[in-house]
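*Asks:* Below is input-v5.cif; it holds mmCIF, C-alpha atoms and all ligand atoms.
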```
data_final
loop_
_atom_site.group_PDB
_atom_site.id
_atom_site.type_symbol
_atom_site.label_atom_id
_atom_site.label_comp_id
_atom_site.auth_asym_id
_atom_site.auth_seq_id
_atom_site.Cartn_x
_atom_site.Cartn_y
_atom_site.Cartn_z
ATOM 1 C CA MET S 6 25.545 250.062 -75.237
ATOM 2 C CA ASN S 7 26.789 247.506 -72.679
ATOM 3 C CA TRP S 8 29.918 248.673 -70.909
ATOM 4 C CA TYR S 9 32.308 246.626 -68.806
ATOM 5 C CA TYR S 10 35.061 247.866 -66.570
ATOM 6 C CA ALA S 11 37.916 246.278 -64.644
ATOM 7 C CA GLN S 12 38.144 246.626 -60.915
ATOM 8 C CA ALA S 13 40.667 244.858 -58.676
ATOM 9 C CA GLY S 14 41.511 242.487 -61.513
ATOM 10 C CA LYS S 15 37.861 241.514 -62.077
ATOM 11 C CA GLN S 16 35.457 242.347 -64.873
ATOM 12 C CA GLU S 17 32.373 244.336 -63.723
ATOM 13 C CA GLY S 18 29.237 245.199 -65.637
ATOM 14 C CA PRO S 19 27.358 245.367 -67.905
ATOM 15 C CA LEU S 20 26.422 249.035 -67.515
ATOM 16 C CA ASN S 21 24.269 251.070 -69.865
ATOM 17 C CA ASP S 22 25.388 254.547 -70.966
ATOM 18 C CA ALA S 23 23.561 256.270 -68.093
ATOM 19 C CA GLN S 24 25.018 253.903 -65.484
ATOM 20 C CA LEU S 25 28.481 254.390 -66.945
ATOM 21 C CA ALA S 26 28.121 258.182 -66.736
ATOM 22 C CA GLN S 27 27.013 257.822 -63.132
ATOM 23 C CA MET S 28 30.029 255.625 -62.228
ATOM 24 C CA VAL S 29 32.316 258.167 -63.847
ATOM 25 C CA ALA S 30 30.676 261.008 -61.935
ATOM 26 C CA MET S 31 31.042 259.107 -58.651
ATOM 27 C CA GLY S 32 34.697 258.431 -59.340
ATOM 28 C CA THR S 33 34.305 254.631 -59.340
ATOM 29 C CA ILE S 34 35.543 254.687 -62.905
ATOM 30 C CA THR S 35 38.592 256.940 -63.131
ATOM 31 C CA ALA S 36 40.718 258.075 -66.068
ATOM 32 C CA GLN S 37 42.941 255.001 -65.610
ATOM 33 C CA THR S 38 40.150 252.398 -65.238
ATOM 34 C CA LEU S 39 40.165 249.881 -68.085
ATOM 35 C CA VAL S 40 36.853 249.728 -69.930
ATOM 36 C CA TRP S 41 35.471 247.706 -72.804
ATOM 37 C CA HIS S 42 32.310 247.404 -74.881
ATOM 38 C CA GLU S 43 31.410 245.174 -77.784
ATOM 39 C CA GLY S 44 33.270 246.182 -80.915
ATOM 40 C CA MET S 45 36.432 247.292 -79.095
ATOM 41 C CA ALA S 46 39.503 245.247 -79.948
ATOM 42 C CA ASP S 47 41.000 245.620 -76.478
ATOM 43 C CA TRP S 48 40.431 247.017 -73.021
ATOM 44 C CA LEU S 49 41.487 250.678 -72.853
ATOM 45 C CA PRO S 50 41.821 253.277 -70.092
ATOM 46 C CA TYR S 51 38.590 255.241 -69.788
ATOM 47 C CA ALA S 52 40.463 258.499 -70.460
ATOM 48 C CA ARG S 53 41.252 257.347 -74.016
ATOM 49 C CA VAL S 54 37.816 255.938 -74.721
ATOM 50 C CA SER S 55 36.092 259.075 -73.430
ATOM 51 C CA VAL S 56 38.134 261.271 -75.783
ATOM 52 C CA GLU S 57 37.510 259.011 -78.788
ATOM 53 C CA GLU S 58 33.795 258.595 -78.124
ATOM 54 C CA GLY S 59 33.077 262.088 -76.760
ATOM 55 C CA LEU S 60 32.045 260.961 -73.266
ATOM 56 C CA ALA S 61 32.277 262.757 -69.939
ATOM 57 C CA GLU S 62 35.816 263.226 -68.699
ATOM 58 C CA ALA S 63 36.736 261.117 -65.673
ATOM 59 C CA GLN S 64 38.541 262.223 -62.560
ATOM 60 C CA PRO S 65 42.222 261.350 -62.322
ATOM 61 C CA ASP S 66 43.133 258.239 -60.357
ATOM 62 C CA SER S 67 42.654 258.569 -56.625
ATOM 63 C CA PRO S 68 45.710 259.967 -54.879
ATOM 64 C CA HIS S 69 48.200 257.705 -53.109
ATOM 65 C CA ALA S 70 50.095 258.326 -49.903
ATOM 66 C CA CYS S 71 53.873 258.479 -50.291
ATOM 67 C CA THR S 72 55.544 255.737 -48.253
ATOM 68 C CA GLU S 73 58.355 258.151 -47.373
ATOM 69 C CA CYS S 74 56.656 261.393 -46.348
ATOM 70 C CA GLN S 75 53.030 260.160 -46.000
ATOM 71 C CA ARG S 76 51.693 263.055 -48.105
ATOM 72 C CA SER S 77 49.143 262.287 -50.838
ATOM 73 C CA PHE S 78 49.807 262.905 -54.533
ATOM 74 C CA PRO S 79 48.012 262.030 -57.778
ATOM 75 C CA ALA S 80 49.135 258.677 -59.146
ATOM 76 C CA GLN S 81 50.651 260.156 -62.292
ATOM 77 C CA ASP S 82 53.100 262.231 -60.203
ATOM 78 C CA MET S 83 54.411 259.202 -58.351
ATOM 79 C CA ILE S 84 56.491 256.121 -59.016
ATOM 80 C CA THR S 85 55.804 252.626 -57.749
ATOM 81 C CA PHE S 86 58.537 250.263 -56.701
ATOM 82 C CA ARG S 87 57.639 246.782 -55.427
ATOM 83 C CA GLY S 88 54.185 247.973 -54.457
ATOM 84 C CA ALA S 89 55.393 251.108 -52.656
ATOM 85 C CA TRP S 90 54.221 254.550 -53.833
ATOM 86 C CA VAL S 91 56.884 257.242 -53.677
ATOM 87 C CA CYS S 92 56.458 260.934 -54.559
ATOM 88 C CA ALA S 93 58.803 262.787 -56.905
ATOM 89 C CA GLU S 94 60.374 264.688 -54.028
ATOM 90 C CA CYS S 95 61.215 261.565 -52.039
ATOM 91 C CA LYS S 96 62.342 259.531 -55.054
ATOM 92 C CA PRO S 97 66.097 260.335 -54.817
ATOM 93 C CA ARG S 98 66.211 259.593 -51.076
ATOM 94 C CA PHE S 99 64.198 256.385 -51.563
ATOM 95 C CA PHE S 100 66.600 254.981 -54.162
ATOM 96 C CA GLN S 101 69.634 256.159 -52.231
ATOM 97 C CA ARG S 102 68.480 254.091 -49.265
ATOM 98 C CA LEU S 103 67.741 251.066 -51.466
ATOM 99 C CA GLN S 104 71.219 251.240 -52.896
ATOM 100 C CA GLU S 105 72.830 251.511 -49.482
ATOM 101 C CA SER S 106 71.024 248.378 -48.334
ATOM 102 C CA GLY S 107 72.195 246.670 -51.534
ATOM 103 C CA GLU S 108 68.671 245.816 -52.623
ATOM 104 C CA THR S 109 68.561 246.985 -56.214
ATOM 105 C CA ALA S 110 69.322 244.639 -59.039
ATOM 106 C CA SER S 111 71.984 247.019 -60.374
ATOM 107 C CA GLN S 112 73.958 246.388 -57.199
ATOM 108 C CA LEU S 113 74.420 242.690 -57.973
ATOM 109 C CA VAL S 114 77.965 241.635 -58.790
ATOM 110 C CA TYR S 115 77.734 238.534 -60.951
ATOM 111 C CA ALA S 116 80.219 235.804 -60.126
ATOM 112 C CA GLY S 117 82.458 234.641 -62.954
ATOM 113 C CA PHE S 118 83.111 231.187 -64.302
ATOM 114 C CA TRP S 119 86.334 230.320 -62.457
ATOM 115 C CA VAL S 120 85.268 231.276 -58.951
ATOM 116 C CA ARG S 121 82.128 229.196 -59.514
ATOM 117 C CA PHE S 122 84.240 226.353 -60.822
ATOM 118 C CA VAL S 123 86.259 226.348 -57.580
ATOM 119 C CA ALA S 124 83.025 226.438 -55.520
ATOM 120 C CA LYS S 125 81.717 223.466 -57.525
ATOM 121 C CA PHE S 126 84.972 221.610 -56.970
ATOM 122 C CA LEU S 127 84.731 222.160 -53.191
ATOM 123 C CA ASP S 128 81.144 220.857 -53.179
ATOM 124 C CA GLY S 129 82.393 217.889 -55.181
ATOM 125 C CA LEU S 130 84.970 217.141 -52.472
ATOM 126 C CA ILE S 131 82.288 217.292 -49.764
ATOM 127 C CA LEU S 132 79.897 215.100 -51.752
ATOM 128 C CA ALA S 133 82.690 212.601 -52.389
ATOM 129 C CA ILE S 134 82.489 211.591 -48.714
ATOM 130 C CA PRO S 135 78.938 210.117 -48.762
ATOM 131 C CA SER S 136 79.506 208.534 -52.169
ATOM 132 C CA LEU S 137 82.675 206.886 -50.837
ATOM 133 C CA VAL S 138 80.736 205.578 -47.838
ATOM 134 C CA ILE S 139 77.980 204.242 -50.093
ATOM 135 C CA SER S 140 80.326 202.512 -52.519
ATOM 136 C CA THR S 141 82.206 200.934 -49.597
ATOM 137 C CA LEU S 142 78.950 199.660 -48.103
ATOM 138 C CA PHE S 143 77.812 198.339 -51.470
ATOM 139 C CA SER S 144 81.084 196.546 -52.100
ATOM 140 C CA PHE S 145 80.435 194.560 -48.887
ATOM 141 C CA THR S 146 76.818 193.901 -49.825
ATOM 142 C CA SER S 147 77.488 192.627 -53.299
ATOM 143 C CA SER S 148 80.047 189.924 -52.471
ATOM 144 C CA PRO S 149 77.821 187.461 -50.531
ATOM 145 C CA PHE S 150 75.160 187.731 -53.224
ATOM 146 C CA THR S 151 77.368 186.815 -56.165
ATOM 147 C CA ASN S 152 76.135 183.558 -57.458
ATOM 148 C CA PRO S 153 78.917 181.327 -58.768
ATOM 149 C CA SER S 154 76.448 178.738 -60.090
ATOM 150 C CA ALA S 155 75.065 181.282 -62.551
ATOM 151 C CA GLY S 156 77.949 180.395 -64.812
ATOM 152 C CA ASP S 157 78.082 182.345 -68.047
ATOM 153 C CA ASP S 158 74.599 183.786 -67.595
ATOM 154 C CA VAL S 159 74.501 187.525 -67.212
ATOM 155 C CA ASN S 160 74.020 188.345 -63.558
ATOM 156 C CA PHE S 161 71.783 191.374 -63.300
ATOM 157 C CA PHE S 162 72.243 191.800 -59.574
ATOM 158 C CA PRO S 163 75.458 193.850 -59.748
ATOM 159 C CA LEU S 164 73.785 196.063 -62.355
ATOM 160 C CA LEU S 165 70.808 196.610 -60.076
ATOM 161 C CA LEU S 166 73.140 197.431 -57.177
ATOM 162 C CA GLN S 167 74.994 199.882 -59.367
ATOM 163 C CA GLY S 168 71.692 201.517 -60.338
ATOM 164 C CA ILE S 169 70.609 201.885 -56.715
ATOM 165 C CA GLN S 170 74.022 203.248 -55.840
ATOM 166 C CA GLN S 171 73.788 205.896 -58.567
ATOM 167 C CA LEU S 172 70.247 206.816 -57.568
ATOM 168 C CA LEU S 173 71.406 207.275 -53.969
ATOM 169 C CA GLY S 174 74.257 209.468 -55.129
ATOM 170 C CA ILE S 175 71.900 211.657 -57.199
ATOM 171 C CA SER S 176 69.411 211.915 -54.307
ATOM 172 C CA ILE S 177 72.132 213.009 -51.881
ATOM 173 C CA THR S 178 73.404 215.661 -54.325
ATOM 174 C CA LEU S 179 69.834 216.889 -54.926
ATOM 175 C CA ALA S 180 69.051 217.070 -51.202
ATOM 176 C CA TYR S 181 72.369 218.721 -50.322
ATOM 177 C CA THR S 182 72.167 221.397 -53.021
ATOM 178 C CA THR S 183 68.448 222.101 -52.623
ATOM 179 C CA TRP S 184 68.572 222.354 -48.854
ATOM 180 C CA PHE S 185 71.610 224.630 -48.724
ATOM 181 C CA LEU S 186 70.342 226.866 -51.556
ATOM 182 C CA GLY S 187 66.865 227.112 -50.042
ATOM 183 C CA ARG S 188 68.126 227.681 -46.497
ATOM 184 C CA TYR S 189 71.245 229.825 -47.011
ATOM 185 C CA GLY S 190 71.214 230.724 -50.706
ATOM 186 C CA ALA S 191 74.558 228.965 -51.091
ATOM 187 C CA THR S 192 76.096 225.504 -50.865
ATOM 188 C CA PRO S 193 79.147 225.160 -48.558
ATOM 189 C CA GLY S 194 81.399 225.416 -51.633
ATOM 190 C CA LYS S 195 79.726 228.673 -52.672
ATOM 191 C CA MET S 196 79.816 229.952 -49.079
ATOM 192 C CA ALA S 197 83.559 229.336 -48.984
ATOM 193 C CA MET S 198 83.936 231.428 -52.160
ATOM 194 C CA ASN S 199 81.556 234.143 -50.864
ATOM 195 C CA LEU S 200 78.974 233.404 -53.540
ATOM 196 C CA LYS S 201 75.221 233.423 -53.335
ATOM 197 C CA VAL S 202 72.392 232.310 -55.630
ATOM 198 C CA VAL S 203 69.604 234.897 -55.867
ATOM 199 C CA ARG S 204 66.636 235.945 -58.010
ATOM 200 C CA PRO S 205 67.319 238.613 -60.683
ATOM 201 C CA ASP S 206 66.188 241.309 -58.207
ATOM 202 C CA GLY S 207 68.520 240.040 -55.511
ATOM 203 C CA SER S 208 65.844 238.303 -53.436
ATOM 204 C CA PRO S 209 66.415 234.799 -52.030
ATOM 205 C CA LEU S 210 65.294 231.534 -53.652
ATOM 206 C CA SER S 211 62.407 229.430 -52.414
ATOM 207 C CA TYR S 212 63.031 225.730 -51.783
ATOM 208 C CA GLN S 213 60.973 224.896 -54.893
ATOM 209 C CA ARG S 214 63.138 227.109 -57.088
ATOM 210 C CA ALA S 215 66.270 225.708 -55.446
ATOM 211 C CA LEU S 216 65.080 222.195 -56.327
ATOM 212 C CA GLY S 217 64.235 223.259 -59.891
ATOM 213 C CA ARG S 218 67.661 224.827 -60.316
ATOM 214 C CA THR S 219 69.394 221.730 -58.945
ATOM 215 C CA ALA S 220 67.432 219.477 -61.296
ATOM 216 C CA ALA S 221 68.241 221.791 -64.220
ATOM 217 C CA GLU S 222 71.917 221.498 -63.313
ATOM 218 C CA TYR S 223 71.792 217.891 -64.487
ATOM 219 C CA ILE S 224 70.921 219.154 -67.954
ATOM 220 C CA SER S 225 73.924 221.490 -67.804
ATOM 221 C CA SER S 226 76.226 218.612 -66.926
ATOM 222 C CA ILE S 227 74.712 216.076 -69.353
ATOM 223 C CA ILE S 228 75.518 218.192 -72.408
ATOM 224 C CA LEU S 229 79.298 217.968 -71.861
ATOM 225 C CA CYS S 230 79.096 220.702 -69.216
ATOM 226 C CA ILE S 231 78.283 223.224 -71.945
ATOM 227 C CA GLY S 232 75.472 224.416 -69.663
ATOM 228 C CA TYR S 233 78.143 225.528 -67.183
ATOM 229 C CA ILE S 234 80.537 226.929 -69.740
ATOM 230 C CA ILE S 235 77.993 229.336 -71.250
ATOM 231 C CA ALA S 236 78.140 231.298 -67.965
ATOM 232 C CA ALA S 237 81.582 232.522 -69.028
ATOM 233 C CA PHE S 238 80.055 234.222 -72.086
ATOM 234 C CA ASP S 239 76.814 235.587 -70.628
ATOM 235 C CA GLU S 240 76.564 239.268 -69.710
ATOM 236 C CA GLU S 241 74.952 238.285 -66.414
ATOM 237 C CA LYS S 242 77.168 235.186 -66.081
ATOM 238 C CA ARG S 243 74.162 232.897 -66.277
ATOM 239 C CA SER S 244 74.639 229.167 -66.702
ATOM 240 C CA LEU S 245 71.973 227.110 -68.462
ATOM 241 C CA HIS S 246 70.444 226.137 -65.091
ATOM 242 C CA ASP S 247 70.437 229.819 -64.065
ATOM 243 C CA ARG S 248 68.465 230.581 -67.227
ATOM 244 C CA ILE S 249 66.012 227.745 -66.629
ATOM 245 C CA ALA S 250 65.472 228.624 -62.944
ATOM 246 C CA ASP S 251 65.775 232.408 -63.525
ATOM 247 C CA THR S 252 68.533 232.808 -60.947
ATOM 248 C CA ARG S 253 71.875 234.623 -60.768
ATOM 249 C CA VAL S 254 75.060 233.756 -58.922
ATOM 250 C CA VAL S 255 76.462 236.848 -57.219
ATOM 251 C CA ARG S 256 79.315 237.826 -54.948
ATOM 252 C CA LYS S 257 78.236 238.535 -51.384
HETATM 253 ZN ZN ZN S 301 57.165 261.755 -50.401
#
```
What's the structure tokens form of this structure?
Ligand SMILES: [Zn+2]

*Replies:*
Amino acid sequence: MNWYYAQAGKQEGPLNDAQLAQMVAMGTITAQTLVWHEGMADWLPYARVSVEEGLAEAQPDSPHACTECQRSFPAQDMITFRGAWVCAECKPRFFQRLQESGETASQLVYAGFWVRFVAKFLDGLILAIPSLVISTLFSFTSSPFTNPSAGDDVNFFPLLLQGIQQLLGISITLAYTTWFLGRYGATPGKMAMNLKVVRPDGSPLSYQRALGRTAAEYISSIILCIGYIIAAFDEEKRSLHDRIADTRVVRK
């Protein structure tokens, strides 16, 4: 029979029965190693396959060193948290320390609708400044270009100017929100209200995610701001753009 096994996320093999037995004896294939041969619906840990097919029993997974006390324990007696192996004895101390540093997701205090509304309003005030400057500049630009000889014909130039003006406004909002979220995890409005945008586990956003969230915010506002309002009814106070970008707004 041709056997395959998974190692470091890659498929290895094929092995014949004798080669398989040898790998098991050497400990390359352990009880937890996923194996497969033709006719199996899915990859299964070797421990299960060996019982079902009456094969040699494999050694338990190689021991891991505890990140707290540095002692080695079998994998099944340990827990893993974000890639760190911790033994049963050190587990309480490990989580105690995580909690004190405010790292666990359970420590997040989700910010409610109204405090976020005020933060949004403050950002709106700040963003009103560049849009005021732009509209003032554009009002100067448009006047010398108005063509009185056009008569009753529709003059598309003001429309074009209006389009450019709106595009500029959107770009400034996008840049402002993305940069502040990516750099500080909060826009000035959110900073003023002691709010922060984070990942579900409390980690900071990348610039890409900040941009995605900002773009998704347009969807929230287009649908009569319903995307914002749903935050008031969500158990994790997620707006539509928080759901799309998989983010949470929390109190610092
Ligand atoms: Zn330990």

*Asks:* To check your reading of the model: which residues sit at most 12 Å from ligand ZN 301 (chain S) when counting all atoms listed in the file? Write the answer as a PyMOL selection string.

*Replies:* chain S and resi 69-79+82-85+89-99

*Asks:* Filtering to C-alpha atoms, could you give me those residues as a tab-separated table (two decimals), in the coordinates of the input?

*Replies:*
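Okay, selection-v9.tsv is ready:
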```tsv
chain	number	residue	atom	x	y	z
S	69	HIS	CA	48.20	257.70	-53.11
S	70	ALA	CA	50.10	258.33	-49.90
S	71	CYS	CA	53.87	258.48	-50.29
S	72	THR	CA	55.54	255.74	-48.25
S	73	GLU	CA	58.36	258.15	-47.37
S	74	CYS	CA	56.66	261.39	-46.35
S	75	GLN	CA	53.03	260.16	-46.00
S	76	ARG	CA	51.69	263.06	-48.10
S	77	SER	CA	49.14	262.29	-50.84
S	78	PHE	CA	49.81	262.90	-54.53
S	79	PRO	CA	48.01	262.03	-57.78
S	82	ASP	CA	53.10	262.23	-60.20
S	83	MET	CA	54.41	259.20	-58.35
S	84	ILE	CA	56.49	256.12	-59.02
S	85	THR	CA	55.80	252.63	-57.75
S	89	ALA	CA	55.39	251.11	-52.66
S	90	TRP	CA	54.22	254.55	-53.83
S	91	VAL	CA	56.88	257.24	-53.68
S	92	CYS	CA	56.46	260.93	-54.56
S	93	ALA	CA	58.80	262.79	-56.90
S	94	GLU	CA	60.37	264.69	-54.03
S	95	CYS	CA	61.22	261.56	-52.04
S	96	LYS	CA	62.34	259.53	-55.05
S	97	PRO	CA	66.10	260.33	-54.82
S	98	ARG	CA	66.21	259.59	-51.08
S	99	PHE	CA	64.20	256.38	-51.56
```

*Asks:* When you look at range 48-55 of chain S with a cut-off of 10 Å (counting only C-alpha atoms), what residues show up, excluding the ones that are within fewer than 2 positions of it in the same chain? I need them as a list in words.

*Replies:*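 Everything that qualifies: Tyr9, Tyr10, Ala11, Val29, Ile34, Thr35, Ala36, Gln37, Thr38, Leu39, Val40, Trp41, His42, Met45, Ala46, Glu57, Glu58, Gly59, Leu60, Ala61, Glu62, Ala63, Gln64 and Pro65 of chain S.
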
*Asks:* As a short mmCIF file (atom, residue, chain, number, x, y, z; two decimals) with C-alpha atoms, in the coordinates of the input, please: the residues near range 167-169 of chain S (cut-off 10 Å, only C-alpha atoms, same-chain neighbours under 4 positions excluded).

*Replies:*
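Saved the output as out13.cif:
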```cif
data_model
loop_
_atom_site.label_atom_id
_atom_site.label_comp_id
_atom_site.auth_asym_id
_atom_site.auth_seq_id
_atom_site.Cartn_x
_atom_site.Cartn_y
_atom_site.Cartn_z
CA SER S 140 80.33 202.51 -52.52
CA PHE S 143 77.81 198.34 -51.47
CA SER S 147 77.49 192.63 -53.30
CA PHE S 161 71.78 191.37 -63.30
CA PHE S 162 72.24 191.80 -59.57
CA PRO S 163 75.46 193.85 -59.75
CA LEU S 173 71.41 207.28 -53.97
CA GLY S 174 74.26 209.47 -55.13
CA ILE S 175 71.90 211.66 -57.20
#
```

*Asks:* Which residues, named as in the file, does the PyMOL selection byres (((chain S and resi 20) around 7) and not hetatm) pick out? Answer as a PyMOL selection string.

*Replies:* chain S and resi 7-9+18-19+21-22+24-25

*Asks:* Quick one: everything within 12 Å of Ile177 in chain S, counting all atoms listed in the file, minus sequence neighbours fewer than 4 positions away in the same chain. Send it as a PyMOL selection string.

*Replies:* chain S and resi 129+131-136+139+170-173+181-184+219

*Asks:* Taking 5 positions as the minimum chain separation for residues in the same chain, which residues sit within 8 Å of Arg121 in chain S when counting only C-alpha atoms? Answer as a PyMOL selection string.

*Replies:* chain S and resi 116+195+198+200

*Asks:* Kindly save the residues from that selection, with C-alpha atoms included, as a PDB file, in the frame of the given file.

*Replies:*
```
ATOM      1  CA  ALA S 116      80.219 235.804 -60.126  1.00  0.00           C
ATOM      2  CA  LYS S 195      79.726 228.673 -52.672  1.00  0.00           C
ATOM      3  CA  MET S 198      83.936 231.428 -52.160  1.00  0.00           C
ATOM      4  CA  LEU S 200      78.974 233.404 -53.540  1.00  0.00           C
TER       5      LEU S 200
END
```

*Asks:* Using all atoms listed in the file, pick whichever of S:Gln104, S:Gln27, S:Ser244, S:Thr252 has the shortest atom-to-atom distance to Gly117 in chain S.

*Replies:*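 Between S:Gln104, S:Gln27, S:Ser244, S:Thr252, the residue approaching Gly117 in chain S most closely is S:Ser244.
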
*Asks:* Let me make sure I understand: among S:Tyr212, S:Glu240, S:Tyr189, S:His246, which one has the smallest atom-to-atom distance to Ile228 in chain S if we use all atoms listed in the file?

*Replies:* S:His246

*Asks:* Quick one: of S:Ile231, S:Val114, S:Val255, S:Ala30, who's nearest to Gly190 in chain S, counting all atoms listed in the file?

*Replies:*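 For Gly190 in chain S, the nearest of the candidates is S:Val255.
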
*Asks:* Just say which residues the PyMOL selection byres (((chain S and resi 232) around 12) and not hetatm) picks in this file, as a count of residues only.

*Replies:* 27

*Asks:* With the file shown as input, list the residues that the PyMOL selection byres (((chain S and resi 204-211) around 6) and not hetatm) selects, as a short mmCIF file (atom, residue, chain, number, x, y, z; two decimals) with C-alpha atoms, in the frame of the given file.

*Replies:*
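Result file follows (result_5.cif):
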```cif
data_model
loop_
_atom_site.label_atom_id
_atom_site.label_comp_id
_atom_site.auth_asym_id
_atom_site.auth_seq_id
_atom_site.Cartn_x
_atom_site.Cartn_y
_atom_site.Cartn_z
CA ALA S 110 69.32 244.64 -59.04
CA GLY S 187 66.86 227.11 -50.04
CA VAL S 203 69.60 234.90 -55.87
CA TYR S 212 63.03 225.73 -51.78
CA GLN S 213 60.97 224.90 -54.89
CA ARG S 214 63.14 227.11 -57.09
CA THR S 252 68.53 232.81 -60.95
#
```
